[in-house]
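Here's the structure we're looking at; comments come further down.
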Amino acid sequence: MEEAFYRADVSDVSTLEYREQDLRDYTEYLHIERDIIPDIRPYFSITEDQRCEKHGIPTSSCGCGESRQVRAVIYHLDPESLIEDWMAAVRDRDIFDSVEVERIEPTRYVLKAWLGRTKIIFQCFFDREEMEKHDFEPQAMEFGVSFFGNQQVVQREHRYSWREFLEDDFRNKITTDVKHLKEAIGSDFYEYRSLKEFRDRVRQSLRYYFSASGYEVRREVGEVCAVEATQYNIDTGKTDFAARRDGSKFIVCHCEKTPGWHVHHFSDGRIESAEQTPIIEDMTEKIEEKINTYQDIRLNKQTASKFVTLLATFFSIGFVVLLLDRIGLISSILREQFQLGGNLQLIAFGLLIFDALAAIALAVVVTRPYVRDALFSWEIEPFDGDDHTK
């Protein structure tokens with residue numbers, strides 16, 4: 001079948017005529033030893049007609065006399081039969097979790113497939129010109145599938161040959177392609193779950209950032225980006241807010257399009273990659289720095305708590321030693337057991353110095369992270385395009 005398609009010099013392969021001898025020539029060229037003609041007949045509508053025995057076309061077209069006419073068996077490709085059998089093969093290979101097909105036109109079919117939670121639309125064409133005219137939306141997970149032989153069209157991004165679906169590694173290939181597209185659809189700036197205790201403060205900071213950068217900020221994402229959210233299947237229940245300015249819109253979102261907390265970017269209604277957008281690069285850098293600083297402060301608080309316990313223990317020991325010395329118990333023990341007498345005052349003085357240093361260290365360790373926390377602000381400087389480009 002593929003050999004026949006690749007030899008085609010027409011746009012719509014369903015208009016091609018094959019004689020049975022043509023198909024046998026193809027199988028011989030491909031070194032297929034067994035007779036496969038009976039197996040592929042269901043993919044064709046078969047008729048009989050008069051053809052020139054030399055040229056294989058009507059004598060009215062080649063100019064030969066009627067005496068050269070012979071009765072020939074003519075094969076025309078039946079797209080619907082081929083699609084049905086192809087679909088069965090795709091299902092058997094477990095490439096997708098579920099799949100269904102719909103006929104749009106005689107030479108165009110739509111394959112709807114689910115890969116995990118991702119819905120993918122494959123526009124399947126038997127006509128090259130129709131495929132070249134079609135305006136694909138890869139960001140909306142819409143791809144093309146060719147059932148014709150123009151390799152240049154097939155090699156274009158997000159377009160596949162029908163035969164690729166039957167290759168062993170196609171699931172890995174389509175999974176990788178979808179992953180890369182998702183990364184372009186939403187620019188991740190942090191892992192959502194890890195910020196559970198202070199997500200609201202991060203949201204507030206980002207809202208301030210966009211507002212101070214000249215964007216209109218709205219929490220009603222479904223109203224601001226109704227068309228975009230519907231077209232690109234964005235769950236508005238998991239969006240945080242939308243920011244718009246001129247023809248550009250951003251949605252800060254934690255939907256399932258990408259794993260992390262991310263930003264969708266739309267320009268004039270079409271989704272575009274936010275990865276290389278200057279304002280998103282600037283925002284990502286600044287909010288990541290804020291989050292890391294805040295987490296560092298929290299970690300220092302935990303460390304301070306442990307250090308306080310340790311210093312308090314030593315401080316208590318010193319206090320007890322001084323107290324025992326005061327009442328004479330430690331003095332008598334040191335004299336009897338270690339013959340220490342004149343050094344008792346030096347030991348006591350040393351303990352006082354230790355307690356003083358411990359108290360100072362304790363105060364510094366305890367207060368420093370709390371002072372940093374008190375002075376910490378979640379506000380980030382608004383975007384300045386001139387400064388960013390320098």
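Letters A, B, ... go to the chains of the structure tokens in the order shown; residues in each chain start at 1; ligands are counted from 1 in the same order.
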Please identify all polymer residues within 7 Å of A:Phe266, counting only C-alpha atoms, omitting same-chain residues fewer than 2 positions from it, and present them as an mmCIF file with N, CA, C and O atoms, in the first residue's frame.
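And here is the file that came out, part-v4.cif:
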data_model
loop_
_atom_site.group_PDB
_atom_site.id
_atom_site.type_symbol
_atom_site.label_atom_id
_atom_site.label_comp_id
_atom_site.auth_asym_id
_atom_site.auth_seq_id
_atom_site.Cartn_x
_atom_site.Cartn_y
_atom_site.Cartn_z
ATOM 1 N N SER A 248 -2.388 40.516 24.496
ATOM 2 C CA SER A 248 -1.686 39.440 25.194
ATOM 3 C C SER A 248 -2.391 39.089 26.502
ATOM 4 O O SER A 248 -2.826 39.979 27.239
ATOM 5 N N LYS A 249 -2.498 37.783 26.764
ATOM 6 C CA LYS A 249 -3.122 37.311 28.002
ATOM 7 C C LYS A 249 -2.251 36.232 28.639
ATOM 8 O O LYS A 249 -1.651 35.413 27.934
ATOM 9 N N PHE A 250 -2.203 36.245 29.972
ATOM 10 C CA PHE A 250 -1.498 35.209 30.721
ATOM 11 C C PHE A 250 -2.460 34.610 31.736
ATOM 12 O O PHE A 250 -3.243 35.339 32.361
ATOM 13 N N HIS A 264 0.142 30.063 31.285
ATOM 14 C CA HIS A 264 -0.235 29.939 29.876
ATOM 15 C C HIS A 264 -0.161 31.322 29.236
ATOM 16 O O HIS A 264 -0.526 32.319 29.857
ATOM 17 N N ASP A 268 -3.498 37.210 20.801
ATOM 18 C CA ASP A 268 -4.596 37.306 19.821
ATOM 19 C C ASP A 268 -5.394 36.017 19.732
ATOM 20 O O ASP A 268 -5.758 35.551 18.644
ATOM 21 N N GLY A 269 -5.643 35.403 20.877
ATOM 22 C CA GLY A 269 -6.488 34.210 20.957
ATOM 23 C C GLY A 269 -5.790 32.898 20.722
ATOM 24 O O GLY A 269 -6.374 31.838 20.940
ATOM 25 N N ARG A 270 -4.531 32.919 20.287
ATOM 26 C CA ARG A 270 -3.788 31.684 20.014
ATOM 27 C C ARG A 270 -2.762 31.460 21.115
ATOM 28 O O ARG A 270 -2.090 32.386 21.561
ATOM 29 N N ILE A 271 -2.658 30.208 21.538
ATOM 30 C CA ILE A 271 -1.699 29.887 22.590
ATOM 31 C C ILE A 271 -0.279 29.905 22.022
ATOM 32 O O ILE A 271 -0.043 29.485 20.895
ATOM 33 N N GLU A 272 0.630 30.439 22.797
ATOM 34 C CA GLU A 272 2.026 30.515 22.392
ATOM 35 C C GLU A 272 2.903 30.105 23.560
ATOM 36 O O GLU A 272 2.479 30.161 24.724
#
Which residues in stretch 84-332 of chain A does DSSP call alpha helix (DSSP H)? List them as number ranges by chain.
A: 84-92, 128-133, 151-154, 170-185, 199-212, 221-224, 226-231, 278-326, 329-332
Would you write out, as JSON lines, a table of all residues in stretch 164-242 of chain A that have an atom no more than 12 Å from an atom of stretch 276-282 of chain A, listing for each the closest atom pair and the distance in Å to one decimal, considering only C-alpha atoms and ordering rows by chain and rising residue number?
{"residue": "A:Glu183", "atom": "CA", "partner": "A:Gln276", "partner_atom": "CA", "distance": 11.8}
{"residue": "A:Ala184", "atom": "CA", "partner": "A:Gln276", "partner_atom": "CA", "distance": 9.4}
{"residue": "A:Ile185", "atom": "CA", "partner": "A:Gln276", "partner_atom": "CA", "distance": 11.6}
{"residue": "A:Gly186", "atom": "CA", "partner": "A:Ile280", "partner_atom": "CA", "distance": 10.7}
{"residue": "A:Ser187", "atom": "CA", "partner": "A:Ile280", "partner_atom": "CA", "distance": 8.0}
{"residue": "A:Asp188", "atom": "CA", "partner": "A:Ile280", "partner_atom": "CA", "distance": 9.8}
{"residue": "A:Phe189", "atom": "CA", "partner": "A:Ile280", "partner_atom": "CA", "distance": 8.9}
{"residue": "A:Leu206", "atom": "CA", "partner": "A:Ile280", "partner_atom": "CA", "distance": 10.8}
{"residue": "A:Tyr209", "atom": "CA", "partner": "A:Ile279", "partner_atom": "CA", "distance": 10.0}
{"residue": "A:Phe210", "atom": "CA", "partner": "A:Ile279", "partner_atom": "CA", "distance": 9.0}
{"residue": "A:Ser213", "atom": "CA", "partner": "A:Ile279", "partner_atom": "CA", "distance": 8.9}
{"residue": "A:Gly214", "atom": "CA", "partner": "A:Ile279", "partner_atom": "CA", "distance": 11.3}
{"residue": "A:Tyr215", "atom": "CA", "partner": "A:Ile279", "partner_atom": "CA", "distance": 11.2}
Fewer than 2 positions away in the same chain doesn't count, so skip those; otherwise give me all residues within 9 Å of A:Pro259, counting only C-alpha atoms, as a VMD selection string.
chain A and resid 188 191 to 192 254 to 257 261 to 262
From atom CA of A:Asp200 to atom CA of A:Tyr370 the spacing works out at 20.7 Å
Pick from A:Glu105, A:Asp135, A:Asp12, A:Asp97, whichever lies nearest to A:Lys119 using only C-alpha atoms:
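Going through A:Glu105, A:Asp135, A:Asp12, A:Asp97 one by one, the smallest distance to A:Lys119 is for A:Asp97.
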Atom CA of A:Thr107 to atom CA of A:Ser14, straight-line distance in Å
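Computing the Euclidean distance for atom CA of A:Ser14 and atom CA of A:Thr107 yields 7.4 Å.
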Of the listed residues A:Val99, A:Leu111, A:Ile57, A:Ile287, that which approaches A:Ile83 most closely, counting only C-alpha atoms:
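Of A:Val99, A:Leu111, A:Ile57, A:Ile287, the one nearest A:Ile83, counting only C-alpha atoms, is A:Leu111.
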Out of A:Tyr26, A:Tyr43, A:Phe122, A:Tyr160, which residue has the shortest atom-to-atom distance to A:Trp86 when counting only C-alpha atoms?
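Selected residue with least distance to A:Trp86: A:Tyr43.
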Tell me which protein, DNA and RNA residues are within 12 Å of A:Gln231, counting only C-alpha atoms, leaving out same-chain ones fewer than 2 positions away, and put them as a PDB file with N, CA and C atoms, in the first residue's frame.
ATOM      1  N   GLU A 137      -3.474  22.962  14.965  1.00  0.00           N
ATOM      2  CA  GLU A 137      -3.264  23.586  16.280  1.00  0.00           C
ATOM      3  C   GLU A 137      -2.538  22.585  17.180  1.00  0.00           C
ATOM      4  N   PRO A 138      -1.226  22.434  17.031  1.00  0.00           N
ATOM      5  CA  PRO A 138      -0.501  21.462  17.872  1.00  0.00           C
ATOM      6  C   PRO A 138      -0.638  21.748  19.356  1.00  0.00           C
ATOM      7  N   GLN A 139      -0.728  23.057  19.711  1.00  0.00           N
ATOM      8  CA  GLN A 139      -0.851  23.389  21.133  1.00  0.00           C
ATOM      9  C   GLN A 139      -2.166  22.911  21.722  1.00  0.00           C
ATOM     10  N   ALA A 140      -3.155  22.690  20.844  1.00  0.00           N
ATOM     11  CA  ALA A 140      -4.425  22.120  21.278  1.00  0.00           C
ATOM     12  C   ALA A 140      -4.445  20.615  21.078  1.00  0.00           C
ATOM     13  N   MET A 141      -3.254  20.037  20.888  1.00  0.00           N
ATOM     14  CA  MET A 141      -3.078  18.599  20.683  1.00  0.00           C
ATOM     15  C   MET A 141      -3.801  18.112  19.427  1.00  0.00           C
ATOM     16  N   GLU A 142      -3.668  18.895  18.358  1.00  0.00           N
ATOM     17  CA  GLU A 142      -4.221  18.505  17.063  1.00  0.00           C
ATOM     18  C   GLU A 142      -3.050  18.245  16.107  1.00  0.00           C
ATOM     19  N   GLY A 222     -12.501  32.345  33.665  1.00  0.00           N
ATOM     20  CA  GLY A 222     -13.478  31.858  32.695  1.00  0.00           C
ATOM     21  C   GLY A 222     -14.148  32.961  31.919  1.00  0.00           C
ATOM     22  N   CYS A 225     -10.849  34.706  29.705  1.00  0.00           N
ATOM     23  CA  CYS A 225     -10.268  33.815  28.681  1.00  0.00           C
ATOM     24  C   CYS A 225     -11.218  32.660  28.367  1.00  0.00           C
ATOM     25  N   ALA A 226     -12.477  32.973  28.174  1.00  0.00           N
ATOM     26  CA  ALA A 226     -13.471  31.911  27.955  1.00  0.00           C
ATOM     27  C   ALA A 226     -13.167  31.105  26.700  1.00  0.00           C
ATOM     28  N   VAL A 227     -12.884  31.792  25.588  1.00  0.00           N
ATOM     29  CA  VAL A 227     -12.619  31.108  24.326  1.00  0.00           C
ATOM     30  C   VAL A 227     -11.337  30.293  24.410  1.00  0.00           C
ATOM     31  N   GLU A 228     -10.278  30.911  24.960  1.00  0.00           N
ATOM     32  CA  GLU A 228      -8.985  30.238  25.041  1.00  0.00           C
ATOM     33  C   GLU A 228      -9.059  29.004  25.939  1.00  0.00           C
ATOM     34  N   ALA A 229      -9.721  29.139  27.086  1.00  0.00           N
ATOM     35  CA  ALA A 229      -9.817  28.015  28.022  1.00  0.00           C
ATOM     36  C   ALA A 229     -10.592  26.852  27.420  1.00  0.00           C
ATOM     37  N   ASN A 233      -8.831  23.417  26.259  1.00  0.00           N
ATOM     38  CA  ASN A 233      -9.222  22.464  27.301  1.00  0.00           C
ATOM     39  C   ASN A 233      -8.483  22.724  28.615  1.00  0.00           C
ATOM     40  N   ILE A 234      -8.481  23.989  29.050  1.00  0.00           N
ATOM     41  CA  ILE A 234      -7.854  24.371  30.319  1.00  0.00           C
ATOM     42  C   ILE A 234      -8.909  24.353  31.413  1.00  0.00           C
ATOM     43  N   ASP A 235      -8.647  23.634  32.474  1.00  0.00           N
ATOM     44  CA  ASP A 235      -9.587  23.502  33.589  1.00  0.00           C
ATOM     45  C   ASP A 235      -9.584  24.801  34.390  1.00  0.00           C
ATOM     46  N   PHE A 266      -1.294  33.605  25.825  1.00  0.00           N
ATOM     47  CA  PHE A 266      -2.116  33.705  24.620  1.00  0.00           C
ATOM     48  C   PHE A 266      -1.853  35.044  23.941  1.00  0.00           C
ATOM     49  N   GLY A 269      -5.643  35.403  20.877  1.00  0.00           N
ATOM     50  CA  GLY A 269      -6.488  34.210  20.957  1.00  0.00           C
ATOM     51  C   GLY A 269      -5.790  32.898  20.722  1.00  0.00           C
ATOM     52  N   ARG A 270      -4.531  32.919  20.287  1.00  0.00           N
ATOM     53  CA  ARG A 270      -3.788  31.684  20.014  1.00  0.00           C
ATOM     54  C   ARG A 270      -2.762  31.460  21.115  1.00  0.00           C
ATOM     55  N   ILE A 271      -2.658  30.208  21.538  1.00  0.00           N
ATOM     56  CA  ILE A 271      -1.699  29.887  22.590  1.00  0.00           C
ATOM     57  C   ILE A 271      -0.279  29.905  22.022  1.00  0.00           C
TER      58      ILE A 271
END
